[in-house]
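*Asks:* Below: one structure in structure tokens.
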Amino acid sequence: MHGDLESAKELMIFEGYTCVITLNGISFKSREAGVRPLLDWLYSGNKYSGWRLCDKVVGKAAAFLHIILGVREIYAEVISEPAKALLEENNVTVNADTIVPAILNETKSGPCPLETAVENITDVNDSIMAIELALKRMEKNK
């Protein structure tokens with residue numbers, strides 16, 4: 001694992017961040033759950049091609065966003081098998097503590113709605129709309 005990624009991992013673990021993106025000692029951090037930090041970074045207009053990213057939980061929806069951001073290496077505490085496969089197919093180096101078959105919803109009673117939203121998507125360009133729609137449905141159901 002690259003030194004930038006090790007530093008980001010330490011920030012995530014010891015300072016309570018959920019997501020950290022870093023390159024050459026510059027980092028952006030978030031304590032927000034889910035894919036919101038990734039979307040915020042995506043819509044910020046900044047360029048993250050070649051950066052490294054640490055994330056608590058990575059499912060296929062997050063993996064699509066990592067690819068769109070241009071991240072080259074990630075560390076995840078937990079990653080789903082479909083997310084790992086998608087990232088590796090797109091030349092993103094994956095480091096993970098735990099690999100699971102699927103990411104579950106908050107109550108662990110079924111699949112995460114974001115995972116369901118992108119389950120059959122193969123084109124990275126189609127993923128953002130599916131993610132945004134799923135997030136709107138999730139917010140509406142709260």
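A note on labels: chains of the structure tokens are A, B, ... as shown, every chain counts residues from 1, and ligands are counted from 1 in their shown order.
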With 12 Å as the cut-off and only C-alpha atoms counted, what is the closest atom pair between each nearby residue of stretch 72-122 of chain A and stretch 16-29 of chain A? Distances in Å to one decimal, ordered by chain and number, as a Markdown table.
*Replies:*
```
| residue | atom | partner | partner_atom | distance |
| --- | --- | --- | --- | --- |
| A:Arg72 | CA | A:Leu23 | CA | 10.4 |
| A:Glu73 | CA | A:Ile21 | CA | 10.0 |
| A:Ile74 | CA | A:Ile21 | CA | 9.0 |
| A:Tyr75 | CA | A:Val20 | CA | 9.8 |
| A:Ala76 | CA | A:Cys19 | CA | 9.3 |
| A:Glu77 | CA | A:Thr18 | CA | 10.0 |
| A:Val78 | CA | A:Thr18 | CA | 11.8 |
```
*Asks:* Now that the selection is made, can you save its residues with N, CA, C and O atoms as a PDB file, in the first residue's frame?
*Replies:*
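Final output, again.pdb:
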```
ATOM      1  N   ARG A  72      -6.888   5.756  -8.197  1.00  0.00           N
ATOM      2  CA  ARG A  72      -6.053   4.660  -8.697  1.00  0.00           C
ATOM      3  C   ARG A  72      -5.841   3.529  -7.689  1.00  0.00           C
ATOM      4  O   ARG A  72      -5.476   2.423  -8.067  1.00  0.00           O
ATOM      5  N   GLU A  73      -6.050   3.817  -6.408  1.00  0.00           N
ATOM      6  CA  GLU A  73      -5.870   2.786  -5.377  1.00  0.00           C
ATOM      7  C   GLU A  73      -6.805   3.104  -4.225  1.00  0.00           C
ATOM      8  O   GLU A  73      -6.997   4.254  -3.874  1.00  0.00           O
ATOM      9  N   ILE A  74      -7.411   2.043  -3.656  1.00  0.00           N
ATOM     10  CA  ILE A  74      -8.286   2.254  -2.511  1.00  0.00           C
ATOM     11  C   ILE A  74      -7.939   1.293  -1.382  1.00  0.00           C
ATOM     12  O   ILE A  74      -7.343   0.240  -1.599  1.00  0.00           O
ATOM     13  N   TYR A  75      -8.340   1.719  -0.189  1.00  0.00           N
ATOM     14  CA  TYR A  75      -8.353   0.845   0.974  1.00  0.00           C
ATOM     15  C   TYR A  75      -9.777   0.896   1.507  1.00  0.00           C
ATOM     16  O   TYR A  75     -10.367   1.973   1.626  1.00  0.00           O
ATOM     17  N   ALA A  76     -10.336  -0.260   1.809  1.00  0.00           N
ATOM     18  CA  ALA A  76     -11.672  -0.336   2.403  1.00  0.00           C
ATOM     19  C   ALA A  76     -11.620  -1.269   3.600  1.00  0.00           C
ATOM     20  O   ALA A  76     -10.978  -2.316   3.545  1.00  0.00           O
ATOM     21  N   GLU A  77     -12.305  -0.861   4.670  1.00  0.00           N
ATOM     22  CA  GLU A  77     -12.438  -1.786   5.786  1.00  0.00           C
ATOM     23  C   GLU A  77     -13.274  -2.976   5.358  1.00  0.00           C
ATOM     24  O   GLU A  77     -12.953  -4.109   5.678  1.00  0.00           O
ATOM     25  N   VAL A  78     -14.359  -2.692   4.609  1.00  0.00           N
ATOM     26  CA  VAL A  78     -15.243  -3.739   4.084  1.00  0.00           C
ATOM     27  C   VAL A  78     -15.535  -3.421   2.624  1.00  0.00           C
ATOM     28  O   VAL A  78     -15.848  -2.278   2.288  1.00  0.00           O
TER      29      VAL A  78
END
```
*Asks:* Could you find all residues in chain A that DSSP calls strand (DSSP E or B) from the backbone, and write them as a PDB file with C-alpha atoms, in the first residue's frame?
*Replies:*
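Okay, this is what ended up in out.pdb:
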```
ATOM      1  CA  CYS A  19     -13.720   8.622   3.839  1.00  0.00           C
ATOM      2  CA  VAL A  20     -10.356  10.205   2.973  1.00  0.00           C
ATOM      3  CA  ILE A  21      -8.982  10.983  -0.483  1.00  0.00           C
ATOM      4  CA  THR A  22      -5.303  11.891  -0.758  1.00  0.00           C
ATOM      5  CA  LEU A  23      -2.375  12.603  -3.064  1.00  0.00           C
ATOM      6  CA  ILE A  26      -2.897  16.687   0.349  1.00  0.00           C
ATOM      7  CA  SER A  27      -6.128  15.181   1.596  1.00  0.00           C
ATOM      8  CA  PHE A  28      -9.843  15.811   1.788  1.00  0.00           C
ATOM      9  CA  LYS A  29     -11.742  14.124   4.606  1.00  0.00           C
ATOM     10  CA  SER A  30     -15.348  13.433   5.521  1.00  0.00           C
ATOM     11  CA  ARG A  52      -5.804   7.277  -3.404  1.00  0.00           C
ATOM     12  CA  LEU A  53      -8.923   6.802  -1.326  1.00  0.00           C
ATOM     13  CA  CYS A  54      -9.829   5.179   2.002  1.00  0.00           C
ATOM     14  CA  ASP A  55     -13.445   4.298   2.645  1.00  0.00           C
ATOM     15  CA  LYS A  56     -15.149   2.435   5.500  1.00  0.00           C
ATOM     16  CA  VAL A  57     -17.542   0.428   3.304  1.00  0.00           C
ATOM     17  CA  VAL A  58     -17.335  -0.003  -0.462  1.00  0.00           C
ATOM     18  CA  GLU A  73      -5.870   2.786  -5.377  1.00  0.00           C
ATOM     19  CA  ILE A  74      -8.286   2.254  -2.511  1.00  0.00           C
ATOM     20  CA  TYR A  75      -8.353   0.845   0.974  1.00  0.00           C
ATOM     21  CA  ALA A  76     -11.672  -0.336   2.403  1.00  0.00           C
ATOM     22  CA  GLU A  77     -12.438  -1.786   5.786  1.00  0.00           C
ATOM     23  CA  VAL A  78     -15.243  -3.739   4.084  1.00  0.00           C
ATOM     24  CA  ILE A  79     -15.754  -4.253   0.339  1.00  0.00           C
ATOM     25  CA  SER A  80     -18.269  -6.337  -1.569  1.00  0.00           C
ATOM     26  CA  THR A  93      -5.740  -1.380  -6.937  1.00  0.00           C
ATOM     27  CA  VAL A  94      -7.849  -2.717  -4.057  1.00  0.00           C
ATOM     28  CA  ASN A  95      -6.713  -3.195  -0.445  1.00  0.00           C
ATOM     29  CA  ALA A  96      -9.370  -4.431   1.976  1.00  0.00           C
ATOM     30  CA  ASP A  97      -9.660  -5.911   5.437  1.00  0.00           C
ATOM     31  CA  THR A  98     -12.892  -7.807   4.764  1.00  0.00           C
ATOM     32  CA  ILE A  99     -14.516  -8.964   1.525  1.00  0.00           C
ATOM     33  CA  VAL A 100     -18.234  -9.770   1.725  1.00  0.00           C
ATOM     34  CA  LEU A 104     -26.495  -4.855   3.516  1.00  0.00           C
ATOM     35  CA  PRO A 111     -29.379  -5.488   0.454  1.00  0.00           C
TER      36      PRO A 111
END
```
*Asks:* Would you mind listing, for every residue of stretch 95-134 of chain A within 10 Å of stretch 34-42 of chain A, the two atoms forming the shortest contact and the distance between them in Å to one decimal, using only C-alpha atoms, sorted by chain and ascending residue number, as CSV?
*Replies:*
```
residue,atom,partner,partner_atom,distance
A:Leu114,CA,A:Val35,CA,9.0
A:Ile128,CA,A:Leu39,CA,8.9
A:Ile131,CA,A:Val35,CA,8.9
A:Glu132,CA,A:Leu39,CA,9.1
```
*Asks:* Keeping only C-alpha atoms, write the selected residues to a file as a tab-separated table (two decimals), in the first residue's frame.
*Replies:*
```
chain	number	residue	atom	x	y	z
A	114	LEU	CA	-27.75	1.69	-3.50
A	128	ILE	CA	-24.63	8.23	-11.34
A	131	ILE	CA	-27.29	6.32	-7.50
A	132	GLU	CA	-28.92	9.76	-7.37
```
*Asks:* To test your reading of the structure, identify every residue in stretch 32-131 of chain A that backbone DSSP assigns to alpha helix (DSSP H), and report it as JSON, numbers by chain.
*Replies:* {"A": [36, 37, 38, 39, 40, 41, 42, 43, 60, 61, 62, 63, 64, 65, 66, 67, 68, 69, 81, 82, 83, 84, 85, 86, 87, 88, 89, 113, 114, 115, 116, 117, 118, 124, 125, 126, 127, 128, 129, 130, 131]}
*Asks:* Please list as a PyMOL selection string every residue within 8 Å of A:Ile67, counting only C-alpha atoms and excluding residues in the same chain fewer than 6 positions away.
*Replies:* chain A and resi 87+90+92+124
*Asks:* From the set A:Lys60, A:Lys84, A:Lys9, A:Arg31, which residue has the shortest atom-to-atom contact distance to A:Ser127, counting only C-alpha atoms?
*Replies:*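 Answer, going by the shortest atom-to-atom distance: A:Lys60.
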*Asks:* Find, counting only C-alpha atoms, the residue in A:Ile103, A:Glu32, A:Phe64, A:Trp51 that gets nearest to A:Thr116.
*Replies:*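 Using only C-alpha atoms, the shortest distance to A:Thr116 belongs to A:Ile103.
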